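Next comes work-v9.txt, a file with compact mmCIF, C-alpha atoms.
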# COMPACT_ATOMS: atom_id res chain seq x y z
CA MET A 24 -11.14 -165.21 97.46
CA ALA A 25 -7.94 -164.94 95.43
CA VAL A 26 -8.18 -165.92 91.78
CA HIS A 27 -5.37 -168.08 90.46
CA ILE A 28 -3.80 -166.69 87.30
CA THR A 29 -1.87 -168.92 84.96
CA PRO A 30 0.97 -166.80 83.51
CA HIS A 31 1.24 -166.45 79.74
CA ARG A 32 4.28 -168.50 78.76
CA VAL A 33 6.90 -166.71 76.62
CA ALA A 34 10.00 -168.31 75.11
CA VAL A 35 12.69 -165.90 73.91
CA LEU A 36 14.95 -167.71 71.44
CA ALA A 37 18.51 -166.38 71.52
CA LEU A 38 20.34 -167.12 68.26
CA GLU A 39 24.08 -166.59 68.21
CA PRO A 40 25.35 -163.96 67.75
CA VAL A 41 22.32 -162.43 69.44
CA VAL A 42 21.78 -158.67 69.83
CA GLY A 43 22.19 -158.39 73.58
CA PHE A 44 19.98 -155.31 73.97
CA ASP A 45 17.10 -156.93 72.11
CA LEU A 46 17.38 -160.08 74.20
CA THR A 47 16.94 -158.23 77.49
CA ILE A 48 13.78 -156.38 76.44
CA PRO A 49 11.13 -159.15 76.76
CA PRO A 50 12.13 -160.39 80.23
CA THR A 51 12.44 -156.80 81.46
CA VAL A 52 9.24 -155.32 80.02
CA LEU A 53 7.00 -158.40 80.16
CA GLY A 54 8.46 -159.34 83.51
CA GLU A 55 7.05 -156.14 85.00
CA ALA A 56 3.52 -156.86 83.79
CA THR A 57 1.65 -157.66 87.00
CA THR A 58 -1.74 -157.53 88.62
CA PRO A 59 -2.28 -154.75 91.20
CA ASP A 60 -1.22 -157.18 93.95
CA GLY A 61 2.07 -157.95 92.17
CA THR A 62 1.24 -161.31 90.56
CA ARG A 63 3.31 -161.74 87.42
CA LEU A 64 1.29 -162.20 84.24
CA TYR A 65 4.08 -163.63 82.07
CA ASP A 66 6.48 -166.50 82.59
CA VAL A 67 9.43 -165.52 80.38
CA LYS A 68 12.11 -168.08 79.57
CA ILE A 69 15.34 -167.42 77.68
CA CYS A 70 16.28 -170.39 75.56
CA GLY A 71 18.91 -171.37 73.02
CA LEU A 72 19.23 -174.13 70.49
CA ASP A 73 21.08 -175.84 73.35
CA LYS A 74 22.33 -174.70 76.75
CA THR A 75 25.86 -173.75 75.70
CA PRO A 76 27.05 -170.12 76.05
CA ILE A 77 25.69 -167.73 73.40
CA HIS A 78 27.86 -164.85 72.19
CA ALA A 79 25.94 -161.57 72.33
CA GLY A 80 28.05 -159.65 69.84
CA ALA A 81 28.65 -156.91 72.42
CA GLY A 82 31.59 -158.14 74.44
CA PHE A 83 29.82 -160.74 76.54
CA SER A 84 28.23 -164.18 76.36
CA LEU A 85 25.31 -165.69 78.23
CA ILE A 86 24.19 -169.16 79.20
CA PRO A 87 20.47 -169.75 78.61
CA ASP A 88 18.52 -171.52 81.33
CA HIS A 89 16.50 -173.47 78.77
CA GLY A 90 16.90 -175.34 75.49
CA VAL A 91 14.52 -175.66 72.56
CA GLU A 92 12.03 -177.62 74.67
CA ALA A 93 10.74 -174.24 75.88
CA LEU A 94 9.47 -173.46 72.37
CA ALA A 95 6.97 -176.32 72.40
CA GLU A 96 5.51 -175.14 75.72
CA ALA A 97 5.24 -171.43 74.85
CA ASP A 98 2.12 -169.39 74.18
CA THR A 99 4.32 -166.73 72.55
CA VAL A 100 7.75 -167.13 70.97
CA ILE A 101 9.94 -164.04 70.52
CA ILE A 102 13.07 -163.97 68.36
CA PRO A 103 15.33 -161.01 69.18
CA GLY A 104 17.73 -159.43 66.72
CA THR A 105 20.54 -161.68 65.57
CA TYR A 106 23.55 -161.69 63.28
CA ILE A 107 23.07 -165.38 62.40
CA HIS A 108 24.56 -165.90 58.96
CA GLN A 109 22.16 -167.98 56.87
CA PRO A 110 18.91 -166.05 57.47
CA ARG A 111 20.74 -162.72 57.31
CA HIS A 112 22.75 -163.37 54.14
CA GLU A 113 21.50 -166.48 52.32
CA GLY A 114 17.75 -166.53 52.95
CA THR A 115 17.85 -170.01 54.48
CA LEU A 116 17.75 -171.64 57.91
CA PRO A 117 20.40 -173.87 59.50
CA ASP A 118 19.07 -177.40 60.00
CA ASP A 119 19.09 -177.19 63.80
CA LEU A 120 17.17 -173.93 63.78
CA ALA A 121 14.61 -175.24 61.28
CA ALA A 122 14.09 -178.29 63.51
CA ALA A 123 13.68 -176.08 66.58
CA LEU A 124 11.08 -173.84 64.93
CA ALA A 125 9.17 -176.94 63.81
CA THR A 126 8.51 -177.77 67.47
CA ILE A 127 6.41 -174.62 67.98
CA ARG A 128 2.78 -175.60 68.44
CA PRO A 129 0.25 -174.48 65.80
CA GLY A 130 -1.52 -171.35 66.93
CA THR A 131 1.41 -170.08 68.97
CA ARG A 132 1.95 -166.35 68.61
CA ILE A 133 5.36 -165.55 67.14
CA ALA A 134 7.10 -162.18 67.33
CA SER A 135 10.43 -160.76 66.25
CA ILE A 136 12.51 -157.80 67.30
CA CYS A 137 14.74 -156.03 64.78
CA THR A 138 16.62 -158.53 62.57
CA GLY A 139 14.80 -161.44 64.17
CA ALA A 140 12.41 -160.84 61.25
CA PHE A 141 15.04 -162.35 58.94
CA VAL A 142 14.60 -165.66 60.78
CA LEU A 143 10.81 -165.58 60.46
CA ALA A 144 11.15 -164.74 56.76
CA ALA A 145 13.66 -167.53 56.15
CA ALA A 146 11.17 -169.92 57.76
CA GLY A 147 8.52 -168.78 55.27
CA LEU A 148 6.32 -167.37 58.03
CA LEU A 149 6.14 -163.88 56.52
CA ASP A 150 5.41 -164.68 52.87
CA GLY A 151 2.58 -162.48 51.65
CA ARG A 152 2.27 -160.80 55.05
CA PRO A 153 3.12 -157.31 56.30
CA ALA A 154 6.25 -157.07 58.42
CA THR A 155 8.95 -154.66 59.53
CA THR A 156 12.57 -154.73 60.64
CA HIS A 157 15.35 -152.21 61.33
CA TRP A 158 15.22 -149.50 58.66
CA ARG A 159 18.96 -149.87 57.98
CA ARG A 160 18.43 -153.53 57.02
CA ALA A 161 15.38 -152.99 54.81
CA ASP A 162 17.17 -153.17 51.44
CA ALA A 163 18.98 -156.38 52.38
CA PHE A 164 15.74 -157.86 53.67
CA ARG A 165 13.85 -157.08 50.46
CA ALA A 166 16.59 -158.59 48.34
CA LEU A 167 16.44 -161.86 50.28
CA TYR A 168 12.68 -162.01 50.91
CA PRO A 169 10.75 -160.30 48.10
CA LYS A 170 7.50 -162.09 49.02
CA VAL A 171 7.27 -160.24 52.34
CA LEU A 172 5.25 -157.00 52.43
CA LEU A 173 7.95 -155.03 54.20
CA ASP A 174 7.19 -151.60 55.65
CA GLU A 175 10.24 -150.13 57.38
CA ASP A 176 8.35 -146.95 58.35
CA LEU A 177 6.54 -148.58 61.28
CA LEU A 178 7.72 -149.30 64.81
CA PHE A 179 5.83 -152.61 64.87
CA ILE A 180 3.26 -154.48 62.82
CA ASP A 181 0.63 -156.71 64.40
CA ASP A 182 -0.67 -159.24 61.87
CA GLY A 183 -2.51 -161.40 64.35
CA ASP A 184 -0.40 -164.44 65.15
CA ILE A 185 2.75 -162.82 63.73
CA ILE A 186 4.09 -159.55 65.11
CA THR A 187 7.31 -157.88 63.98
CA SER A 188 9.07 -154.79 65.29
CA ALA A 189 11.66 -152.35 64.05
CA GLY A 190 15.16 -152.18 65.46
CA LEU A 191 16.41 -152.23 69.00
CA ALA A 192 14.27 -149.96 71.25
CA ALA A 193 11.22 -150.70 69.08
CA GLY A 194 11.26 -154.04 70.89
CA VAL A 195 10.01 -152.10 73.93
CA ASP A 196 7.09 -150.79 71.86
CA LEU A 197 6.33 -154.34 70.71
CA CYS A 198 6.36 -155.79 74.23
CA LEU A 199 4.16 -153.01 75.60
CA HIS A 200 1.77 -153.69 72.71
CA LEU A 201 1.68 -157.38 73.64
CA ILE A 202 0.80 -156.44 77.23
CA ARG A 203 -1.95 -154.07 76.07
CA ARG A 204 -3.31 -156.77 73.76
CA ASP A 205 -3.22 -159.48 76.42
CA PHE A 206 -4.11 -157.60 79.62
CA GLY A 207 -5.12 -154.03 78.75
CA SER A 208 -3.63 -150.55 78.83
CA GLU A 209 -3.58 -150.23 82.62
CA VAL A 210 -1.17 -153.16 82.97
CA ALA A 211 0.95 -151.95 80.04
CA ASN A 212 1.17 -148.46 81.49
CA ARG A 213 2.23 -149.85 84.85
CA SER A 214 5.04 -151.81 83.19
CA ALA A 215 6.07 -148.75 81.16
CA ARG A 216 6.28 -146.63 84.29
CA HIS A 217 8.49 -149.16 86.03
CA CYS A 218 10.80 -149.26 82.99
CA VAL A 219 10.71 -145.43 82.77
CA VAL A 220 9.63 -145.46 79.12
CA ALA A 221 6.71 -143.95 77.23
CA PRO A 222 3.70 -146.29 77.12
CA TRP A 223 3.17 -145.28 73.49
CA ARG A 224 5.41 -143.48 70.98
CA ASP A 225 3.86 -141.33 68.28
CA GLY A 226 5.09 -141.66 64.73
CA GLY A 227 6.99 -144.47 63.13
CA GLN A 228 10.48 -145.57 62.28
CA SER A 229 10.76 -142.94 59.52
CA GLN A 230 11.65 -140.25 62.05
CA PHE A 231 14.85 -142.14 62.93
CA ILE A 232 16.16 -142.64 59.38
CA GLU A 233 19.31 -140.68 58.68
CA ARG A 234 19.16 -137.81 56.20
CA VAL A 235 21.58 -138.80 53.44
CA VAL A 236 22.93 -136.24 50.98
CA PRO A 237 23.73 -138.07 47.72
CA ASP A 238 26.95 -137.72 45.82
CA GLU A 239 26.55 -135.05 43.14
CA GLY A 240 27.98 -137.22 40.40
CA THR A 241 28.32 -136.01 36.84
CA ASP A 242 25.82 -138.15 34.95
CA GLY A 243 22.08 -138.21 34.42
CA THR A 244 19.97 -136.31 36.91
CA ALA A 245 22.50 -136.42 39.77
CA PRO A 246 23.86 -132.85 39.31
CA THR A 247 20.32 -131.47 39.21
CA ARG A 248 19.37 -133.36 42.34
CA ALA A 249 22.43 -132.02 44.14
CA TRP A 250 21.53 -128.49 42.99
CA ALA A 251 17.96 -128.91 44.20
CA LEU A 252 19.16 -129.93 47.67
CA ARG A 253 21.09 -126.65 47.91
CA HIS A 254 18.08 -124.56 46.83
CA LEU A 255 15.15 -126.19 48.63
CA GLU A 256 13.92 -122.82 49.90
CA GLU A 257 13.34 -121.67 46.32
CA GLU A 258 10.53 -122.53 43.93
CA ILE A 259 11.63 -125.60 41.97
CA THR A 260 9.52 -126.85 39.11
CA LEU A 261 9.73 -129.97 36.99
CA SER A 262 10.44 -127.88 33.91
CA SER A 263 13.26 -125.98 35.63
CA MET A 264 14.91 -129.21 36.74
CA ALA A 265 14.58 -130.70 33.27
CA ALA A 266 16.07 -127.56 31.70
CA ARG A 267 19.00 -127.64 34.14
CA SER A 268 19.66 -131.24 33.07
CA GLY A 269 19.41 -130.33 29.39
CA MET A 270 16.53 -132.75 28.85
CA SER A 271 12.91 -132.57 27.87
CA VAL A 272 10.43 -132.89 30.73
CA ARG A 273 9.41 -136.33 29.53
CA THR A 274 12.99 -137.61 29.21
CA PHE A 275 14.00 -136.06 32.54
CA SER A 276 11.04 -137.63 34.37
CA ARG A 277 11.77 -141.05 32.90
CA ARG A 278 15.48 -140.80 33.69
CA PHE A 279 14.83 -139.47 37.18
CA LYS A 280 12.48 -142.36 38.01
CA ALA A 281 15.00 -144.90 36.68
CA GLU A 282 17.79 -143.44 38.83
CA THR A 283 15.91 -142.82 42.09
CA GLY A 284 12.82 -145.01 41.97
CA GLN A 285 10.67 -141.91 42.56
CA SER A 286 9.02 -139.24 40.48
CA PRO A 287 10.72 -135.81 40.63
CA GLY A 288 7.77 -134.38 42.57
CA SER A 289 7.75 -137.15 45.18
CA TRP A 290 11.51 -136.97 45.59
CA LEU A 291 11.49 -133.20 45.98
CA LEU A 292 8.76 -133.30 48.64
CA GLN A 293 10.64 -135.99 50.54
CA GLN A 294 13.83 -133.91 50.50
CA ARG A 295 11.96 -130.83 51.70
CA VAL A 296 10.49 -132.78 54.63
CA ARG A 297 13.87 -134.27 55.50
CA HIS A 298 15.50 -130.84 55.38
CA ALA A 299 12.76 -129.50 57.64
CA CYS A 300 13.51 -132.33 60.10
CA HIS A 301 17.20 -131.42 59.97
CA LEU A 302 16.38 -127.79 60.79
CA LEU A 303 14.05 -128.79 63.61
CA GLU A 304 16.84 -130.89 65.09
CA THR A 305 19.72 -128.45 64.70
CA THR A 306 18.26 -124.93 64.92
CA SER A 307 15.90 -122.86 67.04
CA LEU A 308 14.08 -121.48 64.01
CA SER A 309 10.33 -121.16 64.41
CA VAL A 310 8.13 -123.73 62.71
CA GLU A 311 7.05 -121.02 60.28
CA ARG A 312 10.65 -120.20 59.36
CA VAL A 313 11.56 -123.89 59.04
CA ALA A 314 8.68 -124.34 56.60
CA GLU A 315 9.92 -121.43 54.49
CA ALA A 316 13.55 -122.59 54.53
CA ALA A 317 12.53 -126.08 53.44
CA GLY A 318 10.38 -124.75 50.60
CA LEU A 319 7.15 -125.99 52.17
CA GLY A 320 5.63 -122.53 52.39
CA THR A 321 3.61 -122.39 55.59
CA ALA A 322 3.62 -123.94 59.03
CA ALA A 323 0.33 -125.62 58.19
CA SER A 324 1.88 -127.19 55.10
CA LEU A 325 4.86 -128.40 57.12
CA ARG A 326 2.60 -129.93 59.77
CA HIS A 327 0.56 -131.68 57.09
CA HIS A 328 3.53 -133.14 55.23
CA LEU A 329 5.55 -134.05 58.32
CA ARG A 330 2.63 -135.94 59.80
CA GLY A 331 2.02 -137.65 56.48
CA GLU A 332 5.70 -138.57 56.02
CA ILE A 333 6.71 -139.63 59.54
CA GLY A 334 3.56 -139.43 61.64
CA VAL A 335 4.39 -136.63 64.10
CA SER A 336 3.98 -132.86 64.40
CA PRO A 337 6.95 -130.48 64.03
CA LEU A 338 6.94 -129.64 67.73
CA ALA A 339 6.79 -133.31 68.72
CA TYR A 340 9.67 -134.07 66.37
CA ARG A 341 11.76 -131.23 67.79
CA LYS A 342 11.00 -132.31 71.35
CA THR A 343 12.23 -135.82 70.56
CA PHE A 344 15.41 -134.96 68.68
CA ARG A 345 16.65 -131.59 69.87
CA ALA A 346 18.27 -131.12 73.25
CA SER A 347 16.93 -128.31 75.41
Write-out of the structure in C-alpha cells:
Amino acid sequence: MAVHITPHRVAVLALEPVVGFDLTIPPTVLGEATTPDGTRLYDVKICGLDKTPIHAGAGFSLIPDHGVEALAEADTVIIPGTYIHQPRHEGTLPDDLAAALATIRPGTRIASICTGAFVLAAAGLLDGRPATTHWRRADAFRALYPKVLLDEDLLFIDDGDIITSAGLAAGVDLCLHLIRRDFGSEVANRSARHCVVAPWRDGGQSQFIERVVPDEGTDGTAPTRAWALRHLEEEITLSSMAARSGMSVRTFSRRFKAETGQSPGSWLLQQRVRHACHLLETTSLSVERVAEAAGLGTAASLRHHLRGEIGVSPLAYRKTFRAS
C-alpha cells in the first residue's frame, strides 16, 4: 500500500534586484529530492513581495508565481542573494519587506543564500547568532551588523531554525544539507547526482578568498610586510622584522597589530599558507617543494597548516583549483 507523503513546503523570496543564480538553486536542487519511486519531497514556490516582474541584476527579469501569502504557508523560507538597498547599505528593512517577514509563522525554518543574510540581519534574526555570507561582503556585513557572530570561512552554518550560506554556489551546499537533514543522505546524494555536483565539499569558504598582495607603502610596518612577502622561503623572525622597521620588538608588535589586526606571527603564517595555495594553483611543484618555498618547512607542516587554515589537504586543494 502506497504511503502518502506531504511535501515540505518551501517559499523562496525573491527581492529585487535578486541574484538570479542564487534564486534558481532551491527549486533545482530541492526539486530533485524524491523518493525512489519519484515522489517529490519538496513543494518549492518562488514568491515576491507582489507578482510584478523582478529584475535579476543579470540581464533578465522574472515574474513570480506567488506573492507574500506563500511565506505564511511555508515550512522553510529561503532568501537568495539580493542587492536590495536598505539591508545591504543602511542596516534596515523597507516597510513592505518587514511586513512580509512578519507573516512567517513562528517555528518556520529560515535560510539565506549569499547576501540574503543581510536581510535576516536587518530583521534582527541573526543577533547573537553564528552566520555566514559571501566572503567579499564580510567587512560590509560586520560594519552594519556587529551583533552577528559572522564567520566568513564556512560554506554554511546551521544554527537550528536559522541557516545561512556563503556566496553563490554555496547555496547548493546549503540545499543539499537541508535535504540530508530532512530526508537523509541517500536522498541528498540522489539529488546531487542529478545536478552533477558533489554531495559534500571539503573545506570552507577560505579556500576561495583571493590572495591579495598589499601596497608596500612607506610608513609603519608596511615596507617590512612587503619585504616579508618577497622572502617567505627564508627564515623570518620577529626580531629581524622589527630591526628592518627600525623599531624595538615591543613597538613593532604593537604597531603591526594596530595596522593589520593580527600579531606578526599570525600574519606571517597566514601569508605562508596563502603563498603555498598560490603555488599549488599555478605550479607543478611537489608538495614538499611548495612547503619549502612558502617557508613552512616540510610537507607535513604544510598539510597541518593548510587543513587548519582552510580545511583541506594540499592535494585536494590542487585538484580543485589547478587544471590538469
Practice task
Show which residues sit within 9 Å of A:Leu148, as a ChimeraX atom specification. Count all atoms listed in the file, and ignore same-chain residues fewer than 5 positions away.
Solution key: /A:142-143,185
Handout entry: Point-to-point distance in Å for atom CA of A:Leu199 and atom CA of A:Asp73
Key = 28.5 Å
Exercise for the section: Quick one: everything within 10 Å of A:Thr115, counting only C-alpha atoms, minus sequence neighbours fewer than 3 positions away in the same chain. Send it as a PyMOL selection string. Expected result: chain A and resi 108-112+118+121+141-142+144-147+167
Practice task
Work out how far atom CA of A:Leu329 is from atom CA of A:Leu291, in Å to one decimal.
Solution key: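 Going from atom CA of A:Leu291 over to atom CA of A:Leu329, I get 13.7 Å.
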Handout entry: atom CA of A:Asp174 to atom CA of A:Ala281, straight-line distance in Å
Key =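 Spanning atom CA of A:Ala281 to atom CA of A:Asp174 is a straight-line distance of 21.6 Å.
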Practice task
Show me as a PyMOL selection string the residues that reach within 10 Å of (2.2, -133.1, 63.5), counting all atoms listed in the file and using the file's own coordinates.
Solution key: chain A and resi 225-226+323+325-340
Practice task
Identify, on the basis of all atoms listed in the file, every residue whose closest approach to A:Met264 does not exceed 7 Å; exclude the query and any residue fewer than 4 positions from it along the same chain; express the result as an MDAnalysis selection string.
Solution key: chainID A and resid 247 260 268
Practice task
Please provide the set of residues having any atom within 10 Å of A:Leu120, restricted to all atoms listed in the file, with same-chain residues fewer than 2 positions apart removed, written as a ChimeraX atom specification.
Solution key: /A:38,71-72,91,116-118,122-125,142,146
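Among A:Ala265, A:Val296, A:Ile202, A:Ala221, the residue with the shortest atom-to-atom distance to A:His31, counting all atoms listed in the file, is A:Ile202.
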